[in-house]
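Structure file data.cif (mmCIF, C-alpha atoms) is printed below.
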```cif
data_target
loop_
_atom_site.label_atom_id
_atom_site.label_comp_id
_atom_site.auth_asym_id
_atom_site.auth_seq_id
_atom_site.Cartn_x
_atom_site.Cartn_y
_atom_site.Cartn_z
CA MET P 1 -35.56 18.71 0.20
CA ILE P 2 -32.51 17.27 -1.61
CA ALA P 3 -29.07 16.86 -0.08
CA SER P 4 -27.42 19.43 -2.35
CA MET P 5 -29.76 22.12 -0.98
CA ILE P 6 -28.49 21.66 2.58
CA LYS P 7 -25.50 23.93 3.12
CA ARG P 8 -22.55 22.01 4.53
CA SER P 9 -20.72 23.82 7.32
CA LEU P 10 -17.39 22.44 6.04
CA PHE P 11 -17.74 24.27 2.70
CA PRO P 12 -15.85 27.49 3.66
CA GLN P 13 -13.02 25.45 5.22
CA LEU P 14 -12.76 23.31 2.10
CA VAL P 15 -12.55 26.32 -0.21
CA ASP P 16 -9.94 27.94 2.05
CA ALA P 17 -7.88 24.73 2.14
CA ILE P 18 -7.96 24.43 -1.66
CA GLU P 19 -6.84 28.04 -2.02
CA ASN P 20 -3.90 27.60 0.36
CA ASN P 21 -2.55 24.08 -0.28
CA PRO P 22 -1.35 22.19 -3.35
CA ALA P 23 -3.41 19.14 -2.32
CA VAL P 24 -6.40 18.62 -0.03
CA GLY P 25 -7.67 15.27 1.23
CA LEU P 26 -11.42 15.22 1.93
CA LEU P 27 -12.11 12.13 4.02
CA GLY P 28 -15.36 10.60 5.18
CA PRO P 29 -17.48 7.45 5.07
CA ARG P 30 -18.97 6.36 1.78
CA GLN P 31 -22.26 8.06 0.85
CA VAL P 32 -21.69 10.95 3.25
CA GLY P 33 -21.76 13.60 0.50
CA LYS P 34 -18.06 14.10 -0.33
CA THR P 35 -18.56 14.14 -4.11
CA THR P 36 -21.46 16.63 -3.92
CA LEU P 37 -19.44 18.96 -1.71
CA ALA P 38 -16.28 18.61 -3.82
CA LEU P 39 -18.12 19.40 -7.06
CA GLU P 40 -19.78 22.41 -5.45
CA ALA P 41 -16.43 23.73 -4.25
CA GLY P 42 -14.82 22.84 -7.58
CA ARG P 43 -17.16 25.10 -9.53
CA GLY P 44 -15.16 28.08 -8.32
CA PHE P 45 -11.87 26.59 -9.56
CA ASP P 46 -12.76 25.28 -13.05
CA ALA P 47 -12.28 21.78 -11.64
CA HIS P 48 -11.79 18.57 -13.61
CA TYR P 49 -13.40 15.48 -12.02
CA LEU P 50 -12.29 11.83 -12.20
CA ASP P 51 -14.09 8.96 -10.44
CA LEU P 52 -11.57 6.18 -9.84
CA GLU P 53 -14.38 3.66 -9.35
CA SER P 54 -15.11 4.15 -13.06
CA GLU P 55 -13.10 1.92 -15.39
CA GLN P 56 -13.23 4.63 -18.02
CA ASP P 57 -11.72 7.24 -15.71
CA ARG P 58 -9.10 4.80 -14.39
CA ALA P 59 -8.11 4.08 -17.99
CA LYS P 60 -7.45 7.79 -18.52
CA LEU P 61 -4.81 7.52 -15.82
CA SER P 62 -2.91 4.63 -17.39
CA GLN P 63 -0.18 7.23 -18.01
CA PRO P 64 -0.95 9.54 -15.07
CA GLU P 65 1.99 11.93 -15.55
CA LEU P 66 0.88 12.72 -19.10
CA TYR P 67 -2.84 12.97 -18.36
CA LEU P 68 -2.50 15.12 -15.22
CA ALA P 69 0.09 17.35 -16.88
CA ASP P 70 -2.54 18.16 -19.53
CA HIS P 71 -4.80 19.49 -16.73
CA ARG P 72 -2.18 21.24 -14.62
CA ASP P 73 -3.93 24.61 -14.89
CA LYS P 74 -7.11 23.25 -13.25
CA LEU P 75 -8.07 21.82 -9.91
CA VAL P 76 -8.25 18.05 -10.45
CA ILE P 77 -10.72 16.17 -8.22
CA LEU P 78 -9.80 12.51 -7.76
CA ASP P 79 -12.69 10.58 -6.22
CA GLU P 80 -12.15 7.26 -4.35
CA VAL P 81 -8.41 7.86 -4.66
CA HIS P 82 -7.58 4.88 -2.43
CA ARG P 83 -8.32 2.72 -5.49
CA ALA P 84 -5.16 4.04 -7.17
CA PRO P 85 -2.44 4.13 -4.48
CA GLY P 86 0.24 4.30 -7.16
CA LEU P 87 -0.89 7.85 -7.92
CA PHE P 88 0.59 9.36 -4.78
CA PRO P 89 4.26 9.40 -5.86
CA VAL P 90 3.14 10.83 -9.23
CA LEU P 91 1.19 13.60 -7.48
CA ARG P 92 4.23 14.40 -5.33
CA GLY P 93 6.36 14.87 -8.45
CA LEU P 94 3.76 17.02 -10.19
CA ILE P 95 3.26 19.19 -7.08
CA ASP P 96 7.00 19.71 -6.73
CA GLN P 97 7.31 20.60 -10.41
CA ALA P 98 4.44 23.07 -10.11
CA ARG P 99 6.17 24.66 -7.09
CA ARG P 100 9.29 25.16 -9.16
CA ASP P 101 7.11 26.76 -11.84
CA GLY P 102 5.60 29.14 -9.28
CA ARG P 103 2.22 27.47 -8.67
CA LYS P 104 1.92 26.48 -5.03
CA THR P 105 -1.80 25.90 -4.41
CA THR P 106 -5.09 24.64 -5.87
CA GLN P 107 -3.95 21.56 -7.72
CA TYR P 108 -5.56 18.36 -6.37
CA LEU P 109 -8.59 17.50 -4.27
CA LEU P 110 -8.45 13.86 -3.17
CA LEU P 111 -11.62 12.16 -1.91
CA GLY P 112 -11.33 9.01 0.20
CA SER P 113 -13.89 6.80 1.94
CA ALA P 114 -11.56 6.16 4.86
CA SER P 115 -8.62 7.65 6.64
CA LEU P 116 -6.70 4.37 6.62
CA ASP P 117 -5.25 3.97 3.13
CA LEU P 118 -5.18 7.61 2.21
CA LEU P 119 -3.24 8.61 5.32
CA LYS P 120 -0.83 5.69 4.92
CA GLN P 121 -0.03 6.52 1.31
CA SER P 122 0.15 10.29 1.62
CA GLY P 123 2.19 10.05 4.80
CA GLU P 124 4.93 8.57 2.66
CA SER P 125 4.42 10.61 -0.49
CA LEU P 126 2.63 13.91 0.20
CA ALA P 127 3.95 14.97 3.61
CA GLY P 128 4.07 18.77 3.75
CA ARG P 129 1.99 19.02 0.58
CA ILE P 130 -1.51 18.07 1.71
CA ALA P 131 -4.14 19.31 4.16
CA TYR P 132 -6.85 17.01 5.51
CA LEU P 133 -10.52 17.68 6.23
CA GLU P 134 -13.11 15.21 7.44
CA LEU P 135 -16.72 15.36 6.22
CA ALA P 136 -19.07 13.83 8.77
CA PRO P 137 -22.76 13.02 8.18
CA PHE P 138 -25.19 15.95 8.50
CA ASN P 139 -25.19 17.61 11.92
CA VAL P 140 -27.75 19.63 13.91
CA LEU P 141 -26.46 22.98 12.63
CA GLU P 142 -26.98 21.92 9.02
CA THR P 143 -30.47 20.42 9.41
CA GLN P 144 -32.43 22.89 11.53
CA ASP P 145 -35.13 23.16 8.83
CA LEU P 146 -35.95 19.44 9.17
CA PRO P 147 -38.17 17.79 11.83
CA ARG P 148 -36.19 17.98 15.05
CA ASP P 149 -35.71 14.30 15.88
CA ASP P 150 -35.27 13.00 12.33
CA LEU P 151 -31.51 13.49 12.50
CA TRP P 152 -31.28 11.49 15.73
CA VAL P 153 -33.56 8.65 14.60
CA ARG P 154 -32.41 8.34 10.97
CA GLY P 155 -28.81 9.53 11.31
CA GLY P 156 -27.00 12.02 9.15
CA PHE P 157 -26.30 10.14 5.92
CA PRO P 158 -28.12 12.16 3.23
CA GLU P 159 -30.02 9.26 1.61
CA SER P 160 -31.24 8.05 5.00
CA LEU P 161 -32.13 11.43 6.49
CA LEU P 162 -33.99 12.66 3.41
CA ALA P 163 -35.79 9.41 2.54
CA PRO P 164 -39.55 9.84 1.90
CA ASP P 165 -40.55 7.76 4.93
CA ALA P 166 -39.13 5.88 7.91
CA SER P 167 -39.26 2.43 6.32
CA ARG P 168 -37.26 3.51 3.26
CA SER P 169 -34.76 5.27 5.48
CA LEU P 170 -34.27 2.09 7.51
CA ARG P 171 -33.96 -0.02 4.36
CA TRP P 172 -31.28 2.33 2.99
CA ARG P 173 -29.24 2.04 6.20
CA GLN P 174 -29.56 -1.75 6.24
CA ASP P 175 -28.40 -1.90 2.61
CA PHE P 176 -25.54 0.50 3.46
CA ILE P 177 -24.38 -1.77 6.28
CA ARG P 178 -24.56 -4.84 4.06
CA SER P 179 -22.62 -3.10 1.28
CA TYR P 180 -19.96 -1.90 3.71
CA LEU P 181 -19.50 -5.38 5.16
CA GLU P 182 -19.48 -7.29 1.88
CA ARG P 183 -17.90 -4.87 -0.59
CA ASP P 184 -16.21 -1.85 0.98
CA ILE P 185 -14.48 -3.10 4.12
CA PRO P 186 -12.59 -5.91 2.26
CA GLN P 187 -10.85 -3.17 0.22
CA PHE P 188 -9.20 -1.70 3.30
CA GLY P 189 -7.99 -4.53 5.47
CA PRO P 190 -7.23 -8.21 5.64
CA ARG P 191 -10.09 -10.44 4.63
CA ILE P 192 -12.64 -10.61 7.48
CA ALA P 193 -15.76 -12.76 7.32
CA ALA P 194 -18.67 -10.37 6.78
CA GLU P 195 -20.85 -12.23 9.27
CA THR P 196 -18.20 -11.97 12.01
CA LEU P 197 -17.81 -8.25 11.44
CA ARG P 198 -21.61 -7.81 11.38
CA ARG P 199 -21.84 -9.50 14.80
CA PHE P 200 -19.09 -7.22 16.10
CA TRP P 201 -20.86 -4.15 14.74
CA ILE P 202 -24.15 -5.23 16.39
CA MET P 203 -22.30 -5.80 19.68
CA LEU P 204 -20.95 -2.26 19.46
CA ALA P 205 -24.48 -0.94 18.89
CA HIS P 206 -25.78 -2.77 21.98
CA HIS P 207 -22.76 -1.43 23.90
CA GLN P 208 -23.22 2.12 22.56
CA GLY P 209 -21.28 4.59 24.71
CA GLY P 210 -19.96 1.93 27.09
CA LEU P 211 -16.40 1.50 28.30
CA LEU P 212 -14.23 -0.43 25.88
CA ASN P 213 -13.61 -4.01 27.01
CA THR P 214 -11.74 -5.67 24.16
CA ALA P 215 -11.41 -8.96 26.02
CA GLN P 216 -15.19 -9.20 26.43
CA PHE P 217 -15.77 -8.51 22.73
CA ALA P 218 -13.17 -11.13 21.86
CA ARG P 219 -14.85 -13.78 24.04
CA ASN P 220 -18.26 -13.05 22.54
CA LEU P 221 -16.87 -13.29 19.00
CA GLY P 222 -14.74 -16.35 19.65
CA VAL P 223 -11.53 -14.61 18.56
CA ASP P 224 -8.44 -13.46 20.44
CA ALA P 225 -8.14 -9.97 21.91
CA LYS P 226 -5.64 -8.83 19.27
CA THR P 227 -8.08 -9.75 16.49
CA ALA P 228 -10.98 -7.97 18.19
CA ALA P 229 -8.77 -4.89 18.63
CA SER P 230 -7.92 -4.99 14.91
CA TYR P 231 -11.65 -5.03 14.05
CA LEU P 232 -12.17 -1.94 16.18
CA ASP P 233 -9.14 -0.22 14.64
CA LEU P 234 -10.54 -0.90 11.17
CA LEU P 235 -13.98 0.54 11.97
CA SER P 236 -12.32 3.57 13.56
CA ASP P 237 -10.14 4.11 10.49
CA LEU P 238 -13.24 3.83 8.32
CA LEU P 239 -14.71 6.72 10.39
CA ILE P 240 -17.64 4.53 11.50
CA VAL P 241 -16.70 4.14 15.18
CA ARG P 242 -15.26 6.65 17.63
CA ARG P 243 -13.22 5.99 20.74
CA LEU P 244 -13.77 8.81 23.23
CA PRO P 245 -10.70 8.89 25.49
CA ALA P 246 -10.82 9.24 29.25
CA TRP P 247 -9.37 12.45 30.70
CA HIS P 248 -6.16 11.80 32.60
CA ALA P 249 -4.91 14.25 35.18
CA ASN P 250 -2.67 13.91 38.19
CA LEU P 251 -5.38 14.59 40.77
CA GLY P 252 -4.50 11.92 43.30
CA LYS P 253 -7.72 10.10 42.41
CA ARG P 254 -8.44 6.70 40.90
CA LEU P 255 -9.50 7.54 37.35
CA VAL P 256 -11.25 5.38 34.77
CA LYS P 257 -8.75 5.01 31.92
CA SER P 258 -10.58 2.89 29.33
CA PRO P 259 -12.10 4.88 26.45
CA LYS P 260 -15.79 4.90 25.67
CA VAL P 261 -16.66 3.46 22.28
CA TYR P 262 -19.67 4.12 20.06
CA VAL P 263 -20.94 3.93 16.49
CA ARG P 264 -20.73 7.52 15.31
CA ASP P 265 -23.95 7.72 13.30
CA SER P 266 -27.06 7.21 15.42
CA GLY P 267 -29.07 6.02 12.42
CA LEU P 268 -26.66 3.14 11.88
CA VAL P 269 -27.01 2.18 15.56
CA HIS P 270 -30.78 2.00 15.16
CA ALA P 271 -30.52 0.01 11.92
CA LEU P 272 -28.13 -2.50 13.53
CA LEU P 273 -30.68 -2.96 16.34
CA ASN P 274 -33.62 -3.02 13.88
CA VAL P 275 -35.23 0.04 15.48
CA ALA P 276 -37.56 1.30 12.78
CA ASP P 277 -38.78 4.71 13.98
CA LYS P 278 -38.97 7.13 16.90
CA GLU P 279 -41.78 5.26 18.67
CA ALA P 280 -39.76 2.04 18.63
CA LEU P 281 -36.64 3.90 19.77
CA LEU P 282 -38.37 5.51 22.76
CA ALA P 283 -39.37 2.03 23.94
CA HIS P 284 -35.91 0.52 23.43
CA PRO P 285 -33.30 0.14 26.21
CA ILE P 286 -30.70 1.88 24.01
CA VAL P 287 -32.61 5.20 23.94
CA GLY P 288 -30.59 6.96 26.64
CA GLN P 289 -27.19 5.92 25.35
CA SER P 290 -28.24 6.61 21.77
CA TRP P 291 -29.22 10.17 22.69
CA GLU P 292 -26.03 10.76 24.71
CA CYS P 293 -23.73 9.57 21.91
CA PHE P 294 -25.75 11.54 19.35
CA VAL P 295 -25.17 14.71 21.38
CA ILE P 296 -21.46 13.97 21.90
CA GLU P 297 -20.86 13.28 18.21
CA ASN P 298 -22.64 16.46 17.11
CA LEU P 299 -20.66 18.59 19.53
CA LEU P 300 -17.33 17.05 18.51
CA VAL P 301 -18.13 17.56 14.83
CA SER P 302 -19.21 21.16 15.52
CA ALA P 303 -15.97 21.84 17.39
CA GLY P 304 -13.84 20.36 14.61
CA GLU P 305 -10.12 20.60 15.28
CA LYS P 306 -10.47 23.56 17.64
CA SER P 307 -10.89 21.37 20.72
CA GLN P 308 -10.38 17.81 21.90
CA GLY P 309 -13.14 15.69 23.44
CA TYR P 310 -12.86 13.46 26.52
CA PHE P 311 -15.04 12.07 29.27
CA TYR P 312 -14.14 12.10 32.97
CA ARG P 313 -14.91 9.47 35.57
CA THR P 314 -13.38 8.56 38.90
CA GLY P 315 -13.66 5.43 41.02
CA GLY P 316 -15.57 7.53 43.55
CA GLY P 317 -18.41 8.36 41.12
CA ALA P 318 -17.42 11.83 39.89
CA GLU P 319 -18.32 12.01 36.19
CA ILE P 320 -18.61 14.40 33.24
CA ASP P 321 -20.22 13.06 30.04
CA LEU P 322 -18.17 15.27 27.70
CA LEU P 323 -15.16 17.42 28.49
CA LEU P 324 -14.06 19.81 25.73
CA VAL P 325 -10.45 20.90 26.04
CA TRP P 326 -9.64 24.18 24.26
CA PRO P 327 -6.27 25.74 23.42
CA GLY P 328 -4.56 26.91 26.56
CA GLY P 329 -6.12 24.08 28.56
CA LYS P 330 -9.51 25.70 29.17
CA LEU P 331 -12.20 23.12 29.93
CA TRP P 332 -15.93 23.03 29.19
CA ALA P 333 -17.91 20.47 31.18
CA ILE P 334 -21.04 19.12 29.48
CA GLU P 335 -23.69 16.93 31.09
CA ILE P 336 -26.25 15.24 28.83
CA LYS P 337 -29.79 14.56 30.03
CA ARG P 338 -32.72 13.27 28.00
CA SER P 339 -35.31 14.91 30.27
CA LEU P 340 -37.29 18.12 29.99
CA SER P 341 -36.56 18.81 33.68
CA PRO P 342 -32.90 17.75 34.01
CA LYS P 343 -31.50 17.19 37.48
CA LEU P 344 -27.77 17.34 38.09
CA GLU P 345 -26.29 14.57 40.17
CA ARG P 346 -23.62 14.84 42.83
CA GLY P 347 -21.08 13.19 40.53
CA PHE P 348 -21.15 16.12 38.09
CA HIS P 349 -20.59 18.67 40.86
CA ALA P 350 -17.76 16.57 42.31
CA ALA P 351 -16.10 16.30 38.92
CA CYS P 352 -16.34 20.06 38.40
CA GLU P 353 -14.68 20.58 41.78
CA ASP P 354 -11.85 18.31 40.61
CA LEU P 355 -11.30 19.99 37.23
CA ALA P 356 -12.54 23.61 37.65
CA PRO P 357 -13.97 23.99 34.12
CA VAL P 358 -14.45 27.56 32.89
CA ARG P 359 -17.95 26.80 31.57
CA LYS P 360 -20.57 24.23 32.56
CA PHE P 361 -23.55 23.17 30.46
CA VAL P 362 -26.45 20.73 30.56
CA VAL P 363 -27.81 19.62 27.18
CA TYR P 364 -31.46 18.55 27.16
CA PRO P 365 -34.15 17.98 24.49
CA GLY P 366 -36.10 21.16 25.33
CA ARG P 367 -35.82 24.57 23.67
CA GLU P 368 -35.71 27.04 26.57
CA ARG P 369 -32.31 28.23 27.80
CA TYR P 370 -31.97 28.89 31.53
CA ARG P 371 -29.62 28.58 34.53
CA VAL P 372 -29.84 25.94 37.25
CA ALA P 373 -26.92 27.55 39.11
CA PRO P 374 -25.02 30.82 38.65
CA ASP P 375 -22.38 29.03 36.56
CA ILE P 376 -24.42 26.19 34.96
CA GLU P 377 -26.63 26.70 31.89
CA VAL P 378 -29.28 24.33 30.54
CA LEU P 379 -29.74 24.60 26.77
CA SER P 380 -30.62 22.68 23.62
CA LEU P 381 -28.15 20.72 21.53
CA GLU P 382 -28.60 23.21 18.68
CA GLU P 383 -27.65 26.17 20.86
CA LEU P 384 -24.62 24.48 22.38
CA ALA P 385 -23.44 23.24 18.97
CA ALA P 386 -23.62 26.83 17.73
CA LEU P 387 -21.60 28.03 20.75
CA VAL P 388 -19.00 25.32 20.23
CA SER P 389 -18.74 26.05 16.51
CA ALA P 390 -18.22 29.77 17.13
CA ALA P 391 -15.74 29.37 19.99
#
```

Kindly transcribe the structure held in the file into structure tokens.
Amino acid sequence: MIASMIKRSLFPQLVDAIENNPAVGLLGPRQVGKTTLALEAGRGFDAHYLDLESEQDRAKLSQPELYLADHRDKLVILDEVHRAPGLFPVLRGLIDQARRDGRKTTQYLLLGSASLDLLKQSGESLAGRIAYLELAPFNVLETQDLPRDDLWVRGGFPESLLAPDASRSLRWRQDFIRSYLERDIPQFGPRIAAETLRRFWIMLAHHQGGLLNTAQFARNLGVDAKTAASYLDLLSDLLIVRRLPAWHANLGKRLVKSPKVYVRDSGLVHALLNVADKEALLAHPIVGQSWECFVIENLLVSAGEKSQGYFYRTGGGAEIDLLLVWPGGKLWAIEIKRSLSPKLERGFHAACEDLAPVRKFVVYPGRERYRVAPDIEVLSLEELAALVSAA
């Protein structure tokens, strides 16, 4: 199976965004499949493609107003657009001119390997003219024809997931990490020693799903807390790390307020810890946290912008692994158990009494769907991801 044969769930949203906006920014980590998806969507719009990592294509834009004006009747796809930040004011002028000429949509599709630079530039130049979409690695809804645990063990980057065997998958992820540290990350922020950032990334993998303690990271790295926080900000902006915020409510209880932090792609976690395959993972102390964060990330990606994700924890031990907050304030409480016979603890019930969620679920690695209480369902990640996506 090749990556282009796997249907991306973002495809309909991307086509709709192109049809209804003058510019669309498709953001996501490098090697996640943005170019493949953009070219597939572009086929319906007679698109013209430029890769700004190519010297030849960058040379074509030495006079961008003239070149882009020659292609104003087509959708122009600009890949790795953060390499040409000077383009954004030009695009703004061309979009405004096209509006005056009566063309208001389907002009530019901008691909970026991070949110950081693209958002900064367009915030100044393309406000009100651009819609953003984020392409994450493959998720459980897109890969149901593959062996069930491959996505968890290898992660969702196409080259890793679809590698011929486990060793080549691991080697690809290790090369990806090295390339990110040595080549890609220096493009986006102040110069950071690759070895220092590698140590930080490995610390995050060992700490997968734990509460953020910036001071502890700083001590372990031998830097100040502000510097450690900047490293985390950078990895978050590069869409590699997620901070899951704590739910705050005025309940008269002592609530945990620090966010949880985790590396978003489970395959990268395993590569950072040198976990080669499923057998090694099942024997590793990270297995439980790896599974929990894998479930959380898949559900958040499946929900998209329709809901916001949090966790809930009080000083008294009440806890919910994932709280999805829907429009109107409706809450879904989700407990995550890597057991074929999951048992709910008192903390989950106490948390549900505090928050009164409208739906309660337990995600487990089995396939059968059943109730453990009149208002609590046990189901697989695939089934809950489908429910979340359709909500």

**OP:** List, as a list in words, every residue that the PyMOL selection byres ((chain P and resi 284-291) around 9) selects in the file provided.
**Re:**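 On the file shown, the PyMOL selection byres ((chain P and resi 284-291) around 9) covers Trp152, Ala205, His206, His207, Gln208, Gly209, Gly210, Ser266, Val269, His270, Val275, Glu279, Ala280, Leu281, Leu282, Ala283, Glu292, Cys293, Phe294, Val295, Ile296, Ile336, Lys337 and Arg338 of chain P.
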
Subject >> Selected residue, from P:Pro259, P:Pro137, P:Pro64, P:Pro147, that lies nearest to Ser160 (chain P) when counting all atoms listed in the file >> reply: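 Ranking P:Pro259, P:Pro137, P:Pro64, P:Pro147 by distance to Ser160 (chain P), first place goes to P:Pro137.
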
**OP:** Check the smallest atom-to-atom distance from each of P:Val81, P:Ala391, P:Val358, P:Ala136 to Gly329 (chain P) using all atoms listed in the file, then report the winner.
**Re:**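 That would be P:Val358, the residue with the smallest distance to Gly329 (chain P).
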
Subject >> Spatial neighbours of region 68-75 of chain P, max dist 7 Å, all atoms listed in the file, sep filter under 4 positions, as a ChimeraX atom specification >> reply: /P:45-48,64,106-108

**OP:** Run the PyMOL selection byres ((chain P and resi 83-89) around 8) mentally over the shown coordinates, then write out the matched residues as a PyMOL selection string, using the chain letters and numbers from the document.
**Re:** chain P and resi 52-53+64+80-82+90-93+121-122+125-126

Original post:
What does the PyMOL selection byres ((chain P and resi 159) around 8) select in this file, as a list in words?
Top reply: Ala3, Gln31, Phe157, Pro158, Ser160, Leu161, Leu162, Ala163, Ser169 and Trp172 of chain P

Okay, now the selection with C-alpha atoms, as a CSV table (one decimal), keeping the file's coordinate frame?
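Result file follows (part.csv):
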```csv
chain,number,residue,atom,x,y,z
P,3,ALA,CA,-29.1,16.9,-0.1
P,31,GLN,CA,-22.3,8.1,0.8
P,157,PHE,CA,-26.3,10.1,5.9
P,158,PRO,CA,-28.1,12.2,3.2
P,160,SER,CA,-31.2,8.0,5.0
P,161,LEU,CA,-32.1,11.4,6.5
P,162,LEU,CA,-34.0,12.7,3.4
P,163,ALA,CA,-35.8,9.4,2.5
P,169,SER,CA,-34.8,5.3,5.5
P,172,TRP,CA,-31.3,2.3,3.0
```

Original post:
Could you work out how far CA of Gln13 (chain P) lies from CA of Leu111 (chain P), giving the answer in Å with one decimal?
Top reply: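 For CA of Leu111 (chain P) relative to CA of Gln13 (chain P), the distance reads 15.1 Å.
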
Subject >> Distance query Thr214 (chain P) at most 8 Å, all atoms listed in the file, self and fewer than 3 positions along chain excluded, as a ChimeraX atom specification >> reply: /P:217-218,225,228-229

Per-residue nearest contacts of region 290-376 of chain P to region 4-12 of chain P (12 Å; all atoms listed in the file) as a Markdown table:
```
| residue | atom | partner | partner_atom | distance |
| --- | --- | --- | --- | --- |
| P:Val301 | CA | P:Leu10 | CA | 10.1 |
| P:Ser302 | CA | P:Ser9 | CA | 8.8 |
| P:Ala303 | CA | P:Ser9 | CA | 11.3 |
| P:Gly304 | CA | P:Leu10 | CA | 9.5 |
| P:Glu305 | CA | P:Leu10 | CA | 11.9 |
```

Create the file for the chosen residues now, containing C-alpha atoms and written as a PDB file, keeping the file's coordinate frame.
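out30.pdb, written as the output of this step:
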```
ATOM      1  CA  VAL P 301     -18.130  17.560  14.830  1.00  0.00           C
ATOM      2  CA  SER P 302     -19.210  21.160  15.520  1.00  0.00           C
ATOM      3  CA  ALA P 303     -15.970  21.840  17.390  1.00  0.00           C
ATOM      4  CA  GLY P 304     -13.840  20.360  14.610  1.00  0.00           C
ATOM      5  CA  GLU P 305     -10.120  20.600  15.280  1.00  0.00           C
TER       6      GLU P 305
END
```

Could you give me region 35-47 of chain P completed to N, CA, C and O atoms, formatted as a JSON list (two decimals), in the coordinates of the input?
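Writing the result to out.json gives the following:
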```
[["chain", "number", "residue", "atom", "x", "y", "z"],
["P", 35, "THR", "N", -18.59, 13.78, -2.69],
["P", 35, "THR", "CA", -18.56, 14.14, -4.11],
["P", 35, "THR", "C", -19.40, 15.39, -4.35],
["P", 35, "THR", "O", -18.97, 16.31, -5.07],
["P", 36, "THR", "N", -20.59, 15.45, -3.76],
["P", 36, "THR", "CA", -21.46, 16.63, -3.92],
["P", 36, "THR", "C", -20.75, 17.89, -3.44],
["P", 36, "THR", "O", -20.75, 18.92, -4.12],
["P", 37, "LEU", "N", -20.13, 17.80, -2.26],
["P", 37, "LEU", "CA", -19.44, 18.96, -1.71],
["P", 37, "LEU", "C", -18.23, 19.34, -2.56],
["P", 37, "LEU", "O", -17.99, 20.53, -2.83],
["P", 38, "ALA", "N", -17.47, 18.34, -3.01],
["P", 38, "ALA", "CA", -16.28, 18.61, -3.82],
["P", 38, "ALA", "C", -16.65, 19.29, -5.14],
["P", 38, "ALA", "O", -15.99, 20.24, -5.58],
["P", 39, "LEU", "N", -17.70, 18.80, -5.79],
["P", 39, "LEU", "CA", -18.12, 19.40, -7.06],
["P", 39, "LEU", "C", -18.63, 20.82, -6.86],
["P", 39, "LEU", "O", -18.40, 21.71, -7.69],
["P", 40, "GLU", "N", -19.31, 21.05, -5.74],
["P", 40, "GLU", "CA", -19.78, 22.41, -5.45],
["P", 40, "GLU", "C", -18.60, 23.34, -5.25],
["P", 40, "GLU", "O", -18.56, 24.46, -5.79],
["P", 41, "ALA", "N", -17.62, 22.90, -4.46],
["P", 41, "ALA", "CA", -16.43, 23.73, -4.25],
["P", 41, "ALA", "C", -15.64, 23.89, -5.55],
["P", 41, "ALA", "O", -15.10, 24.97, -5.84],
["P", 42, "GLY", "N", -15.60, 22.82, -6.36],
["P", 42, "GLY", "CA", -14.82, 22.84, -7.58],
["P", 42, "GLY", "C", -15.32, 23.80, -8.63],
["P", 42, "GLY", "O", -14.56, 24.22, -9.52],
["P", 43, "ARG", "N", -16.62, 24.17, -8.53],
["P", 43, "ARG", "CA", -17.16, 25.10, -9.53],
["P", 43, "ARG", "C", -16.42, 26.43, -9.53],
["P", 43, "ARG", "O", -16.34, 27.10, -10.56],
["P", 44, "GLY", "N", -15.88, 26.82, -8.39],
["P", 44, "GLY", "CA", -15.16, 28.08, -8.32],
["P", 44, "GLY", "C", -13.72, 27.99, -8.79],
["P", 44, "GLY", "O", -13.01, 29.00, -8.82],
["P", 45, "PHE", "N", -13.27, 26.78, -9.18],
["P", 45, "PHE", "CA", -11.87, 26.59, -9.56],
["P", 45, "PHE", "C", -11.72, 25.95, -10.94],
["P", 45, "PHE", "O", -10.64, 25.46, -11.27],
["P", 46, "ASP", "N", -12.80, 25.93, -11.74],
["P", 46, "ASP", "CA", -12.76, 25.28, -13.05],
["P", 46, "ASP", "C", -12.21, 23.86, -12.92],
["P", 46, "ASP", "O", -11.27, 23.45, -13.60],
["P", 47, "ALA", "N", -12.82, 23.08, -12.01],
["P", 47, "ALA", "CA", -12.28, 21.78, -11.64],
["P", 47, "ALA", "C", -12.55, 20.73, -12.70],
["P", 47, "ALA", "O", -13.54, 20.78, -13.44]]
```
